[in-house]
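Peer 1: One file: final_31.pdb (PDB, C-alpha atoms, pLDDT in the B column).
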MODEL        1
ATOM      1  CA  MET K 110     -23.453  37.776  22.723  1.00 94.00           C
ATOM      2  CA  GLY K 111     -21.922  40.233  25.176  1.00 95.00           C
ATOM      3  CA  ASP K 112     -25.357  41.679  25.889  1.00 96.00           C
ATOM      4  CA  GLU K 113     -26.686  38.209  26.744  1.00 97.00           C
ATOM      5  CA  ILE K 114     -23.726  37.525  29.047  1.00 98.00           C
ATOM      6  CA  ILE K 115     -24.396  40.817  30.872  1.00 98.00           C
ATOM      7  CA  ARG K 116     -28.131  40.102  31.091  1.00 98.00           C
ATOM      8  CA  LEU K 117     -27.451  36.743  32.727  1.00 98.00           C
ATOM      9  CA  LEU K 118     -24.840  38.091  35.141  1.00 98.00           C
ATOM     10  CA  ASN K 119     -27.139  41.004  36.055  1.00 97.00           C
ATOM     11  CA  PRO K 120     -24.382  42.976  37.840  1.00 97.00           C
ATOM     12  CA  ASN K 121     -25.468  45.149  40.758  1.00 96.00           C
ATOM     13  CA  ASN K 122     -23.844  48.217  42.295  1.00 96.00           C
ATOM     14  CA  GLY K 123     -21.109  47.208  44.709  1.00 96.00           C
ATOM     15  CA  ASN K 124     -20.311  44.006  42.814  1.00 98.00           C
ATOM     16  CA  ILE K 125     -16.734  42.986  42.078  1.00 98.00           C
ATOM     17  CA  MET K 126     -16.717  41.418  38.608  1.00 98.00           C
ATOM     18  CA  LEU K 127     -14.060  39.529  36.634  1.00 98.00           C
ATOM     19  CA  ASP K 128     -13.766  39.520  32.835  1.00 98.00           C
ATOM     20  CA  VAL K 129     -11.532  36.652  31.649  1.00 98.00           C
ATOM     21  CA  ALA K 130      -9.725  36.673  28.276  1.00 97.00           C
ATOM     22  CA  ALA K 131     -11.181  40.129  27.683  1.00 96.00           C
ATOM     23  CA  GLY K 132      -8.732  41.145  24.971  1.00 93.00           C
ATOM     24  CA  THR K 133      -9.362  44.845  24.335  1.00 94.00           C
ATOM     25  CA  GLY K 134     -11.931  45.044  27.105  1.00 97.00           C
ATOM     26  CA  GLU K 135     -15.351  43.610  26.357  1.00 97.00           C
ATOM     27  CA  PRO K 136     -17.727  42.837  27.914  1.00 98.00           C
ATOM     28  CA  GLY K 137     -15.871  44.074  31.020  1.00 98.00           C
ATOM     29  CA  LEU K 138     -15.936  47.745  30.042  1.00 98.00           C
ATOM     30  CA  THR K 139     -19.674  47.710  29.407  1.00 98.00           C
ATOM     31  CA  ILE K 140     -20.275  45.966  32.736  1.00 98.00           C
ATOM     32  CA  ALA K 141     -18.139  48.599  34.490  1.00 98.00           C
ATOM     33  CA  SER K 142     -20.043  51.413  32.770  1.00 97.00           C
ATOM     34  CA  ARG K 143     -23.265  50.131  34.357  1.00 96.00           C
ATOM     35  CA  LEU K 144     -21.897  50.092  37.913  1.00 96.00           C
ATOM     36  CA  THR K 145     -21.945  53.326  39.905  1.00 91.00           C
ATOM     37  CA  SER K 146     -20.065  51.473  42.647  1.00 95.00           C
ATOM     38  CA  GLY K 147     -18.027  48.284  42.512  1.00 96.00           C
ATOM     39  CA  LYS K 148     -15.484  47.466  39.831  1.00 97.00           C
ATOM     40  CA  VAL K 149     -14.424  45.093  37.075  1.00 98.00           C
ATOM     41  CA  ILE K 150     -11.036  43.401  36.876  1.00 98.00           C
ATOM     42  CA  ILE K 151     -10.201  42.779  33.219  1.00 98.00           C
ATOM     43  CA  THR K 152      -7.736  39.969  32.480  1.00 98.00           C
ATOM     44  CA  ASP K 153      -5.978  38.575  29.434  1.00 97.00           C
ATOM     45  CA  LEU K 154      -2.737  36.731  28.660  1.00 95.00           C
ATOM     46  CA  SER K 155      -1.615  39.670  26.512  1.00 95.00           C
ATOM     47  CA  GLU K 156      -0.442  42.871  28.198  1.00 96.00           C
ATOM     48  CA  ASP K 157      -0.628  44.588  24.780  1.00 95.00           C
ATOM     49  CA  MET K 158      -4.349  43.789  24.550  1.00 95.00           C
ATOM     50  CA  LEU K 159      -4.897  45.125  28.061  1.00 97.00           C
ATOM     51  CA  ALA K 160      -3.107  48.363  27.159  1.00 97.00           C
ATOM     52  CA  ILE K 161      -5.764  48.871  24.479  1.00 97.00           C
ATOM     53  CA  ALA K 162      -8.486  47.981  27.013  1.00 97.00           C
ATOM     54  CA  ARG K 163      -7.172  50.758  29.267  1.00 98.00           C
ATOM     55  CA  GLU K 164      -7.196  53.174  26.317  1.00 98.00           C
ATOM     56  CA  ASN K 165     -10.784  52.179  25.521  1.00 98.00           C
ATOM     57  CA  ALA K 166     -11.753  52.734  29.157  1.00 98.00           C
ATOM     58  CA  SER K 167     -10.170  56.185  29.095  1.00 98.00           C
ATOM     59  CA  LEU K 168     -11.971  57.120  25.862  1.00 98.00           C
ATOM     60  CA  ARG K 169     -15.276  56.159  27.505  1.00 97.00           C
ATOM     61  CA  SER K 170     -14.396  57.798  30.850  1.00 97.00           C
ATOM     62  CA  ILE K 171     -14.693  54.442  32.643  1.00 98.00           C
ATOM     63  CA  LYS K 172     -12.605  54.572  35.825  1.00 96.00           C
ATOM     64  CA  ASN K 173     -13.822  51.565  37.855  1.00 98.00           C
ATOM     65  CA  ILE K 174     -11.672  48.960  36.093  1.00 98.00           C
ATOM     66  CA  GLU K 175      -8.340  47.318  36.787  1.00 98.00           C
ATOM     67  CA  THR K 176      -6.354  45.180  34.362  1.00 98.00           C
ATOM     68  CA  GLN K 177      -4.253  42.120  35.141  1.00 97.00           C
ATOM     69  CA  ALA K 178      -2.211  40.064  32.671  1.00 98.00           C
ATOM     70  CA  CYS K 179      -2.558  36.446  33.791  1.00 97.00           C
ATOM     71  CA  ASP K 180      -3.291  32.861  32.784  1.00 96.00           C
ATOM     72  CA  VAL K 181      -6.847  31.722  33.444  1.00 97.00           C
ATOM     73  CA  CYS K 182      -5.477  28.407  34.718  1.00 96.00           C
ATOM     74  CA  GLU K 183      -3.564  30.258  37.474  1.00 96.00           C
ATOM     75  CA  LEU K 184      -5.731  33.222  38.427  1.00 97.00           C
ATOM     76  CA  PRO K 185      -3.874  35.480  40.921  1.00 98.00           C
ATOM     77  CA  PHE K 186      -6.921  36.072  43.125  1.00 98.00           C
ATOM     78  CA  PRO K 187      -8.066  34.619  46.458  1.00 98.00           C
ATOM     79  CA  ASP K 188     -10.938  32.135  46.705  1.00 98.00           C
ATOM     80  CA  ASN K 189     -14.461  33.588  46.725  1.00 98.00           C
ATOM     81  CA  THR K 190     -13.457  37.044  45.397  1.00 98.00           C
ATOM     82  CA  PHE K 191     -15.929  37.829  42.615  1.00 98.00           C
ATOM     83  CA  ASP K 192     -19.710  38.275  42.389  1.00 98.00           C
ATOM     84  CA  GLY K 193     -19.736  37.417  38.697  1.00 98.00           C
ATOM     85  CA  ILE K 194     -17.402  36.274  35.907  1.00 98.00           C
ATOM     86  CA  SER K 195     -17.699  36.865  32.166  1.00 98.00           C
ATOM     87  CA  CYS K 196     -15.688  35.170  29.422  1.00 98.00           C
ATOM     88  CA  ARG K 197     -16.627  36.069  25.854  1.00 97.00           C
ATOM     89  CA  PHE K 198     -15.088  33.822  23.168  1.00 95.00           C
ATOM     90  CA  GLY K 199     -12.078  32.760  25.233  1.00 95.00           C
ATOM     91  CA  LEU K 200     -12.905  29.301  26.511  1.00 96.00           C
ATOM     92  CA  MET K 201     -12.324  27.455  23.218  1.00 93.00           C
ATOM     93  CA  PHE K 202      -8.700  28.662  23.166  1.00 92.00           C
ATOM     94  CA  PHE K 203      -7.760  27.529  26.701  1.00 95.00           C
ATOM     95  CA  PRO K 204      -5.475  24.461  26.573  1.00 93.00           C
ATOM     96  CA  ASP K 205      -7.179  22.850  29.606  1.00 96.00           C
ATOM     97  CA  MET K 206     -10.793  24.003  29.662  1.00 97.00           C
ATOM     98  CA  LEU K 207     -11.820  22.050  32.756  1.00 97.00           C
ATOM     99  CA  LEU K 208      -8.914  23.460  34.766  1.00 97.00           C
ATOM    100  CA  ALA K 209      -9.823  26.963  33.531  1.00 98.00           C
ATOM    101  CA  VAL K 210     -13.468  26.578  34.576  1.00 98.00           C
ATOM    102  CA  LYS K 211     -12.439  25.177  37.982  1.00 98.00           C
ATOM    103  CA  GLU K 212     -10.134  28.150  38.521  1.00 98.00           C
ATOM    104  CA  MET K 213     -12.941  30.571  37.651  1.00 98.00           C
ATOM    105  CA  VAL K 214     -15.272  28.744  40.035  1.00 98.00           C
ATOM    106  CA  ARG K 215     -12.606  28.912  42.760  1.00 98.00           C
ATOM    107  CA  VAL K 216     -12.457  32.717  42.662  1.00 98.00           C
ATOM    108  CA  LEU K 217     -16.260  33.066  42.391  1.00 98.00           C
ATOM    109  CA  LYS K 218     -18.204  33.792  45.572  1.00 98.00           C
ATOM    110  CA  PRO K 219     -20.853  31.288  46.707  1.00 98.00           C
ATOM    111  CA  GLY K 220     -24.025  32.275  44.864  1.00 98.00           C
ATOM    112  CA  GLY K 221     -21.925  34.033  42.213  1.00 98.00           C
ATOM    113  CA  ARG K 222     -22.694  33.776  38.511  1.00 98.00           C
ATOM    114  CA  ILE K 223     -20.587  32.878  35.497  1.00 98.00           C
ATOM    115  CA  ALA K 224     -21.477  33.309  31.827  1.00 98.00           C
ATOM    116  CA  THR K 225     -19.404  32.480  28.772  1.00 98.00           C
ATOM    117  CA  SER K 226     -19.934  32.482  25.015  1.00 98.00           C
ATOM    118  CA  VAL K 227     -18.456  30.095  22.448  1.00 97.00           C
ATOM    119  CA  TRP K 228     -19.018  29.803  18.727  1.00 96.00           C
ATOM    120  CA  ASN K 229     -21.706  27.433  17.511  1.00 97.00           C
ATOM    121  CA  VAL K 230     -21.211  24.875  14.696  1.00 96.00           C
ATOM    122  CA  PRO K 231     -19.423  25.903  11.462  1.00 94.00           C
ATOM    123  CA  GLU K 232     -22.639  25.524   9.442  1.00 95.00           C
ATOM    124  CA  LYS K 233     -24.106  28.490  11.329  1.00 96.00           C
ATOM    125  CA  ASN K 234     -21.014  30.693  10.998  1.00 96.00           C
ATOM    126  CA  PHE K 235     -20.480  31.385   7.308  1.00 95.00           C
ATOM    127  CA  TRP K 236     -18.513  34.528   8.225  1.00 94.00           C
ATOM    128  CA  VAL K 237     -15.656  32.210   9.283  1.00 93.00           C
ATOM    129  CA  THR K 238     -16.144  29.203   7.028  1.00 94.00           C
ATOM    130  CA  ALA K 239     -16.315  31.222   3.804  1.00 95.00           C
ATOM    131  CA  ILE K 240     -12.683  32.187   4.154  1.00 95.00           C
ATOM    132  CA  MET K 241     -11.213  29.412   6.328  1.00 93.00           C
ATOM    133  CA  GLY K 242     -12.889  26.711   4.238  1.00 92.00           C
ATOM    134  CA  THR K 243     -11.383  28.211   1.081  1.00 95.00           C
ATOM    135  CA  ILE K 244      -7.934  28.466   2.672  1.00 94.00           C
ATOM    136  CA  ASN K 245      -8.099  24.829   3.802  1.00 91.00           C
ATOM    137  CA  LYS K 246      -9.163  23.748   0.322  1.00 91.00           C
ATOM    138  CA  ASN K 247      -6.236  25.522  -1.322  1.00 94.00           C
ATOM    139  CA  MET K 248      -3.451  24.921   1.194  1.00 90.00           C
ATOM    140  CA  GLU K 249      -2.144  21.806   2.909  1.00 79.00           C
ATOM    141  CA  LEU K 250      -2.520  23.015   6.473  1.00 78.00           C
ATOM    142  CA  PRO K 251      -1.778  20.611   9.332  1.00 74.00           C
ATOM    143  CA  THR K 252      -4.919  18.899  10.628  1.00 75.00           C
ATOM    144  CA  PRO K 253      -5.508  19.931  14.253  1.00 72.00           C
ATOM    145  CA  THR K 254      -5.709  17.101  16.761  1.00 79.00           C
ATOM    146  CA  PRO K 255      -9.245  16.402  18.059  1.00 76.00           C
ATOM    147  CA  GLY K 256     -10.081  18.687  20.966  1.00 79.00           C
ATOM    148  CA  ALA K 257      -7.233  21.103  20.231  1.00 82.00           C
ATOM    149  CA  PRO K 258      -7.908  24.816  20.838  1.00 86.00           C
ATOM    150  CA  GLY K 259      -9.822  26.372  17.955  1.00 88.00           C
ATOM    151  CA  MET K 260     -12.879  28.336  16.864  1.00 89.00           C
ATOM    152  CA  PHE K 261     -15.423  25.511  16.900  1.00 93.00           C
ATOM    153  CA  ARG K 262     -13.941  23.338  19.621  1.00 93.00           C
ATOM    154  CA  CYS K 263     -16.820  24.101  22.027  1.00 96.00           C
ATOM    155  CA  ALA K 264     -19.704  23.763  19.568  1.00 95.00           C
ATOM    156  CA  LYS K 265     -20.405  20.148  20.514  1.00 93.00           C
ATOM    157  CA  GLU K 266     -23.737  19.903  22.288  1.00 93.00           C
ATOM    158  CA  GLY K 267     -23.416  19.657  26.069  1.00 95.00           C
ATOM    159  CA  LEU K 268     -19.631  20.086  26.138  1.00 96.00           C
ATOM    160  CA  ILE K 269     -19.422  23.293  28.169  1.00 97.00           C
ATOM    161  CA  SER K 270     -22.440  22.570  30.362  1.00 97.00           C
ATOM    162  CA  ASP K 271     -20.771  19.255  31.273  1.00 98.00           C
ATOM    163  CA  LEU K 272     -17.565  21.125  32.214  1.00 98.00           C
ATOM    164  CA  PHE K 273     -19.624  23.540  34.312  1.00 98.00           C
ATOM    165  CA  GLN K 274     -21.244  20.601  36.068  1.00 98.00           C
ATOM    166  CA  GLN K 275     -17.884  18.905  36.717  1.00 98.00           C
ATOM    167  CA  ALA K 276     -16.609  22.151  38.225  1.00 98.00           C
ATOM    168  CA  GLY K 277     -19.511  22.196  40.680  1.00 98.00           C
ATOM    169  CA  LEU K 278     -21.778  24.817  39.103  1.00 98.00           C
ATOM    170  CA  LYS K 279     -25.576  24.541  39.266  1.00 98.00           C
ATOM    171  CA  ASN K 280     -28.643  26.050  37.560  1.00 98.00           C
ATOM    172  CA  ILE K 281     -26.772  25.662  34.262  1.00 98.00           C
ATOM    173  CA  SER K 282     -28.405  26.925  31.078  1.00 98.00           C
ATOM    174  CA  VAL K 283     -27.410  27.090  27.398  1.00 98.00           C
ATOM    175  CA  LYS K 284     -28.878  29.577  24.940  1.00 97.00           C
ATOM    176  CA  GLU K 285     -28.189  30.030  21.240  1.00 97.00           C
ATOM    177  CA  VAL K 286     -27.652  33.688  20.341  1.00 97.00           C
ATOM    178  CA  SER K 287     -27.651  34.805  16.712  1.00 96.00           C
ATOM    179  CA  GLY K 288     -25.887  37.870  15.410  1.00 93.00           C
ATOM    180  CA  LYS K 289     -25.054  39.555  12.123  1.00 92.00           C
ATOM    181  CA  LEU K 290     -21.724  40.723  10.773  1.00 92.00           C
ATOM    182  CA  ASN K 291     -22.619  43.819   8.762  1.00 94.00           C
ATOM    183  CA  CYS K 292     -19.767  44.146   6.271  1.00 93.00           C
ATOM    184  CA  LYS K 293     -21.822  45.955   3.598  1.00 92.00           C
ATOM    185  CA  THR K 294     -19.369  44.945   0.826  1.00 95.00           C
ATOM    186  CA  THR K 295     -17.260  41.910  -0.046  1.00 96.00           C
ATOM    187  CA  ASP K 296     -14.173  44.148  -0.085  1.00 96.00           C
ATOM    188  CA  LYS K 297     -14.784  45.173   3.530  1.00 96.00           C
ATOM    189  CA  TYR K 298     -15.414  41.557   4.551  1.00 96.00           C
ATOM    190  CA  TRP K 299     -12.126  40.437   2.989  1.00 96.00           C
ATOM    191  CA  SER K 300     -10.144  43.346   4.488  1.00 95.00           C
ATOM    192  CA  MET K 301     -11.536  42.825   7.975  1.00 93.00           C
ATOM    193  CA  MET K 302     -11.049  39.050   8.054  1.00 94.00           C
ATOM    194  CA  THR K 303      -7.507  39.184   6.649  1.00 93.00           C
ATOM    195  CA  GLU K 304      -6.453  41.932   9.070  1.00 91.00           C
ATOM    196  CA  ILE K 305      -7.888  40.795  12.410  1.00 82.00           C
ATOM    197  CA  GLY K 306      -8.520  37.034  12.085  1.00 82.00           C
ATOM    198  CA  ALA K 307      -5.369  35.574  13.656  1.00 80.00           C
ATOM    199  CA  PRO K 308      -5.722  32.048  12.148  1.00 83.00           C
ATOM    200  CA  ILE K 309      -6.461  33.599   8.748  1.00 90.00           C
ATOM    201  CA  VAL K 310      -3.490  35.961   8.901  1.00 91.00           C
ATOM    202  CA  ALA K 311      -1.240  33.073   9.969  1.00 88.00           C
ATOM    203  CA  ALA K 312      -2.445  30.788   7.171  1.00 90.00           C
ATOM    204  CA  LEU K 313      -2.186  33.420   4.423  1.00 93.00           C
ATOM    205  CA  SER K 314       1.332  34.306   5.542  1.00 92.00           C
ATOM    206  CA  LYS K 315       2.369  30.857   4.308  1.00 91.00           C
ATOM    207  CA  ALA K 316       0.740  31.304   0.874  1.00 92.00           C
ATOM    208  CA  ASP K 317       2.546  32.664  -2.176  1.00 92.00           C
ATOM    209  CA  ASP K 318       1.047  35.549  -4.175  1.00 93.00           C
ATOM    210  CA  ALA K 319      -0.659  33.250  -6.694  1.00 94.00           C
ATOM    211  CA  GLN K 320      -2.276  31.184  -3.929  1.00 93.00           C
ATOM    212  CA  LYS K 321      -3.449  34.322  -2.107  1.00 94.00           C
ATOM    213  CA  GLU K 322      -5.023  35.687  -5.267  1.00 96.00           C
ATOM    214  CA  LYS K 323      -6.786  32.384  -5.986  1.00 96.00           C
ATOM    215  CA  ILE K 324      -8.108  32.171  -2.410  1.00 97.00           C
ATOM    216  CA  LYS K 325      -9.319  35.768  -2.549  1.00 96.00           C
ATOM    217  CA  ARG K 326     -11.072  35.180  -5.890  1.00 97.00           C
ATOM    218  CA  GLU K 327     -12.838  32.051  -4.595  1.00 97.00           C
ATOM    219  CA  VAL K 328     -13.901  33.734  -1.336  1.00 97.00           C
ATOM    220  CA  TYR K 329     -15.391  36.637  -3.311  1.00 97.00           C
ATOM    221  CA  GLN K 330     -17.284  34.153  -5.501  1.00 97.00           C
ATOM    222  CA  LEU K 331     -18.647  32.294  -2.455  1.00 96.00           C
ATOM    223  CA  VAL K 332     -19.765  35.440  -0.639  1.00 96.00           C
ATOM    224  CA  ASN K 333     -21.231  37.120  -3.707  1.00 96.00           C
ATOM    225  CA  GLN K 334     -23.096  33.935  -4.602  1.00 96.00           C
ATOM    226  CA  LYS K 335     -24.667  33.829  -1.132  1.00 94.00           C
ATOM    227  CA  TYR K 336     -25.515  37.550  -1.141  1.00 95.00           C
ATOM    228  CA  PRO K 337     -26.278  38.370  -4.781  1.00 94.00           C
ATOM    229  CA  ASP K 338     -27.788  41.758  -3.889  1.00 93.00           C
ATOM    230  CA  GLY K 339     -24.324  42.917  -2.792  1.00 90.00           C
ATOM    231  CA  ASN K 340     -25.424  43.676   0.792  1.00 93.00           C
ATOM    232  CA  ILE K 341     -23.006  41.561   2.820  1.00 95.00           C
ATOM    233  CA  VAL K 342     -24.681  41.002   6.209  1.00 95.00           C
ATOM    234  CA  ILE K 343     -23.520  37.571   7.387  1.00 95.00           C
ATOM    235  CA  ASP K 344     -25.277  35.487  10.039  1.00 91.00           C
ATOM    236  CA  SER K 345     -23.385  34.190  13.038  1.00 95.00           C
ATOM    237  CA  SER K 346     -24.355  31.900  15.883  1.00 97.00           C
ATOM    238  CA  ALA K 347     -22.949  31.396  19.377  1.00 98.00           C
ATOM    239  CA  LEU K 348     -23.852  29.513  22.517  1.00 98.00           C
ATOM    240  CA  VAL K 349     -24.028  31.381  25.813  1.00 98.00           C
ATOM    241  CA  ILE K 350     -23.583  29.087  28.809  1.00 98.00           C
ATOM    242  CA  TYR K 351     -24.487  30.159  32.346  1.00 98.00           C
ATOM    243  CA  GLY K 352     -24.015  28.669  35.791  1.00 98.00           C
ATOM    244  CA  GLU K 353     -24.107  29.543  39.492  1.00 98.00           C
ATOM    245  CA  LYS K 354     -21.794  28.552  42.346  1.00 98.00           C
TER     246      LYS K 354
ENDMDL
END
Kindly transcribe the structure held in the file into structure tokens.
Peer 2:
Amino acid sequence: MGDEIIRLLNPNNGNIMLDVAAGTGEPGLTIASRLTSGKVIITDLSEDMLAIARENASLRSIKNIETQACDVCELPFPDNTFDGISCRFGLMFFPDMLLAVKEMVRVLKPGGRIATSVWNVPEKNFWVTAIMGTINKNMELPTPTPGAPGMFRCAKEGLISDLFQQAGLKNISVKEVSGKLNCKTTDKYWSMMTEIGAPIVAALSKADDAQKEKIKREVYQLVNQKYPDGNIVIDSSALVIYGEK
């Protein structure tokens, strides 16, 4: 999905690029690595995430980046600053998505490009639903209000392209991009999802030991049933949305 974002943005030497909600640095670091001149400003709400992004940049000897902890709805940059903006899997967690898109458009130069990725429908993302579906079945979690921030909030057809249009973008396109989560084993899938999946970690923290064990057993059954050969390579699907100012 990051590769498709970069392909659409097509950054050129001398460009000033913005990566919004970059977390630990992608796709901003890869964009920066392809520029012999110009730079990428990497932003996120979390300064701790950005500290890791700076570490990752150092490990890869990438020097043409800056980091800035900020809220996408109040970007601390002048109008018409950036040649291109990337946002990989951040948009669905912004409280006010239209305001966020308008702010990104504000800081984008005329003729500049923006590309974002969001997760497609649950049916095409078993890597999430296998575990979250089982948790929801076993625990009485509060039902999120319609349109609330969440993994699949942006999967509805036309939702993000409509926001792009409202924000004044043109030449808008939407492309489905498939990927694979190569876990190799069910054990590795379970470990990864229960260590780094914030909603999963939060939900399981409210479960007692018996509930956790039951959820784990049922997830293993689901995954092993779907991949009986024991090679756990799980399909994923995202939408990459592009527009120009």
Peer 1: Choose the residue, out of K:Tyr298, K:Tyr351, K:Phe273, K:Trp228, that has the smallest atom-to-atom separation from Ser195 (chain K); count all atoms listed in the file.
Peer 2: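 Among K:Tyr298, K:Tyr351, K:Phe273, K:Trp228, it is K:Tyr351 that comes nearest to Ser195 (chain K).
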Peer 1: Apply the PyMOL selection byres ((chain K and resi 250) around 12) to the file shown and report the selected residues as number ranges by chain.
Peer 2: K: 241-249, 251-253, 308-309, 311-316
Peer 1: Using the chain letters and numbers from this file, what does the PyMOL selection byres ((chain K and resi 261-266) around 10) select? Give the answer as an mmCIF file with C-alpha atoms, in the frame of the given file.
Peer 2:
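As a result, out32.cif now contains:
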data_model
loop_
_atom_site.group_PDB
_atom_site.id
_atom_site.type_symbol
_atom_site.label_atom_id
_atom_site.label_comp_id
_atom_site.auth_asym_id
_atom_site.auth_seq_id
_atom_site.Cartn_x
_atom_site.Cartn_y
_atom_site.Cartn_z
ATOM 1 C CA PHE K 198 -15.088 33.822 23.168
ATOM 2 C CA LEU K 200 -12.905 29.301 26.511
ATOM 3 C CA MET K 201 -12.324 27.455 23.218
ATOM 4 C CA PHE K 202 -8.700 28.662 23.166
ATOM 5 C CA MET K 206 -10.793 24.003 29.662
ATOM 6 C CA SER K 226 -19.934 32.482 25.015
ATOM 7 C CA VAL K 227 -18.456 30.095 22.448
ATOM 8 C CA TRP K 228 -19.018 29.803 18.727
ATOM 9 C CA ASN K 229 -21.706 27.433 17.511
ATOM 10 C CA VAL K 230 -21.211 24.875 14.696
ATOM 11 C CA PRO K 231 -19.423 25.903 11.462
ATOM 12 C CA ASN K 234 -21.014 30.693 10.998
ATOM 13 C CA PRO K 255 -9.245 16.402 18.059
ATOM 14 C CA GLY K 256 -10.081 18.687 20.966
ATOM 15 C CA ALA K 257 -7.233 21.103 20.231
ATOM 16 C CA PRO K 258 -7.908 24.816 20.838
ATOM 17 C CA GLY K 259 -9.822 26.372 17.955
ATOM 18 C CA MET K 260 -12.879 28.336 16.864
ATOM 19 C CA GLY K 267 -23.416 19.657 26.069
ATOM 20 C CA LEU K 268 -19.631 20.086 26.138
ATOM 21 C CA ILE K 269 -19.422 23.293 28.169
ATOM 22 C CA SER K 270 -22.440 22.570 30.362
ATOM 23 C CA ASP K 271 -20.771 19.255 31.273
ATOM 24 C CA VAL K 283 -27.410 27.090 27.398
ATOM 25 C CA ALA K 347 -22.949 31.396 19.377
ATOM 26 C CA LEU K 348 -23.852 29.513 22.517
#
Peer 1: Can you work out which one of K:Ile150, K:Ala307, K:Val214, K:Ile281 has the shortest atom-to-atom distance to Leu117 (chain K), counting all atoms listed in the file?
Peer 2: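 Using all atoms listed in the file, Leu117 (chain K) sits closest to K:Ile281.
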Peer 1: Translate the PyMOL selection byres ((chain K and resi 142) around 9) into a concrete residue list for this structure, as a list of chain:residue names.
Peer 2: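 Checked against the file, the PyMOL selection byres ((chain K and resi 142) around 9) matches K:Gly137, K:Leu138, K:Thr139, K:Ile140, K:Ala141, K:Arg143, K:Leu144, K:Thr145, K:Arg169, K:Ser170, K:Ile171, K:Lys172, K:Asn173.
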Peer 1: Could you dump the residues just selected with C-alpha atoms as an mmCIF file, keeping the file's coordinate frame?
Peer 2:
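The resulting part.cif:
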data_model
loop_
_atom_site.group_PDB
_atom_site.id
_atom_site.type_symbol
_atom_site.label_atom_id
_atom_site.label_comp_id
_atom_site.auth_asym_id
_atom_site.auth_seq_id
_atom_site.Cartn_x
_atom_site.Cartn_y
_atom_site.Cartn_z
ATOM 1 C CA GLY K 137 -15.871 44.074 31.020
ATOM 2 C CA LEU K 138 -15.936 47.745 30.042
ATOM 3 C CA THR K 139 -19.674 47.710 29.407
ATOM 4 C CA ILE K 140 -20.275 45.966 32.736
ATOM 5 C CA ALA K 141 -18.139 48.599 34.490
ATOM 6 C CA ARG K 143 -23.265 50.131 34.357
ATOM 7 C CA LEU K 144 -21.897 50.092 37.913
ATOM 8 C CA THR K 145 -21.945 53.326 39.905
ATOM 9 C CA ARG K 169 -15.276 56.159 27.505
ATOM 10 C CA SER K 170 -14.396 57.798 30.850
ATOM 11 C CA ILE K 171 -14.693 54.442 32.643
ATOM 12 C CA LYS K 172 -12.605 54.572 35.825
ATOM 13 C CA ASN K 173 -13.822 51.565 37.855
#
Peer 1: CA of Gln274 (chain K) and CA of Lys218 (chain K) are how many Å apart?
Peer 2: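 Distance reported for this atom pair: 16.5 Å.
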Peer 1: One number please: CA of Met301 (chain K) to CA of Ala319 (chain K), in Å, one decimal.
Peer 2: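 Those two atoms sit 20.6 Å apart.
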Peer 1: Give the answer as one residue: which of K:Val310, K:Val349, K:Met126, K:Leu154 has the shortest atom-to-atom distance to Ser282 (chain K), using only C-alpha atoms?
Peer 2: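 Closest to Ser282 (chain K), using only C-alpha atoms: K:Val349.
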Peer 1: Please identify all polymer residues within 9 Å of Val181 (chain K), counting all atoms listed in the file, omitting same-chain residues fewer than 4 positions from it, and present them as a ChimeraX atom specification.
Peer 2: /K:129-130,152-154,185,203,208-210,212-213
Peer 1: Please return the centre and edge lengths, in Å to one decimal, of a box with edges along x, y and z that contains all listed atoms of region 122-128 of chain K, widened by 3 Å on every side, as AutoDock Vina command-line options.
Peer 2:
--center_x -18.8 --center_y 43.9 --center_z 38.8 --size_x 16.1 --size_y 14.7 --size_z 17.9
Peer 1: Work out how far CA of Lys148 (chain K) is from CA of Asn165 (chain K), in Å to one decimal.
Peer 2: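 Result for CA of Asn165 (chain K) versus CA of Lys148 (chain K): 15.8 Å, one decimal.
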Peer 1: List every protein, DNA or RNA residue that has an atom no more than 7 Å from (-28.6, 38.5, 14.5) in the file's coordinate frame, counting all atoms listed in the file, and report them as an MDAnalysis selection string.
Peer 2: chainID K and resid 287:289 344:345
Peer 1: Please, which residues are within 12 Å of (-21.8, 36.6, -4.0) by the file's coordinates, counting only C-alpha atoms, and could they come as a list in words?
Peer 2: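 Collected hits near the coordinates: Ala239, Thr294, Thr295, Asp296, Tyr298, Arg326, Glu327, Val328, Tyr329, Gln330, Leu331, Val332, Asn333, Gln334, Lys335, Tyr336, Pro337, Asp338, Gly339, Asn340, Ile341, Val342 and Ile343 of chain K.
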Peer 1: Taking all atoms listed in the file into account, which of K:Gly221, K:Arg215, K:Leu168, K:Met158 comes nearest Asn121 (chain K)?
Peer 2: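 Looking only at the distances to Asn121 (chain K), the closest residue turns out to be K:Gly221.
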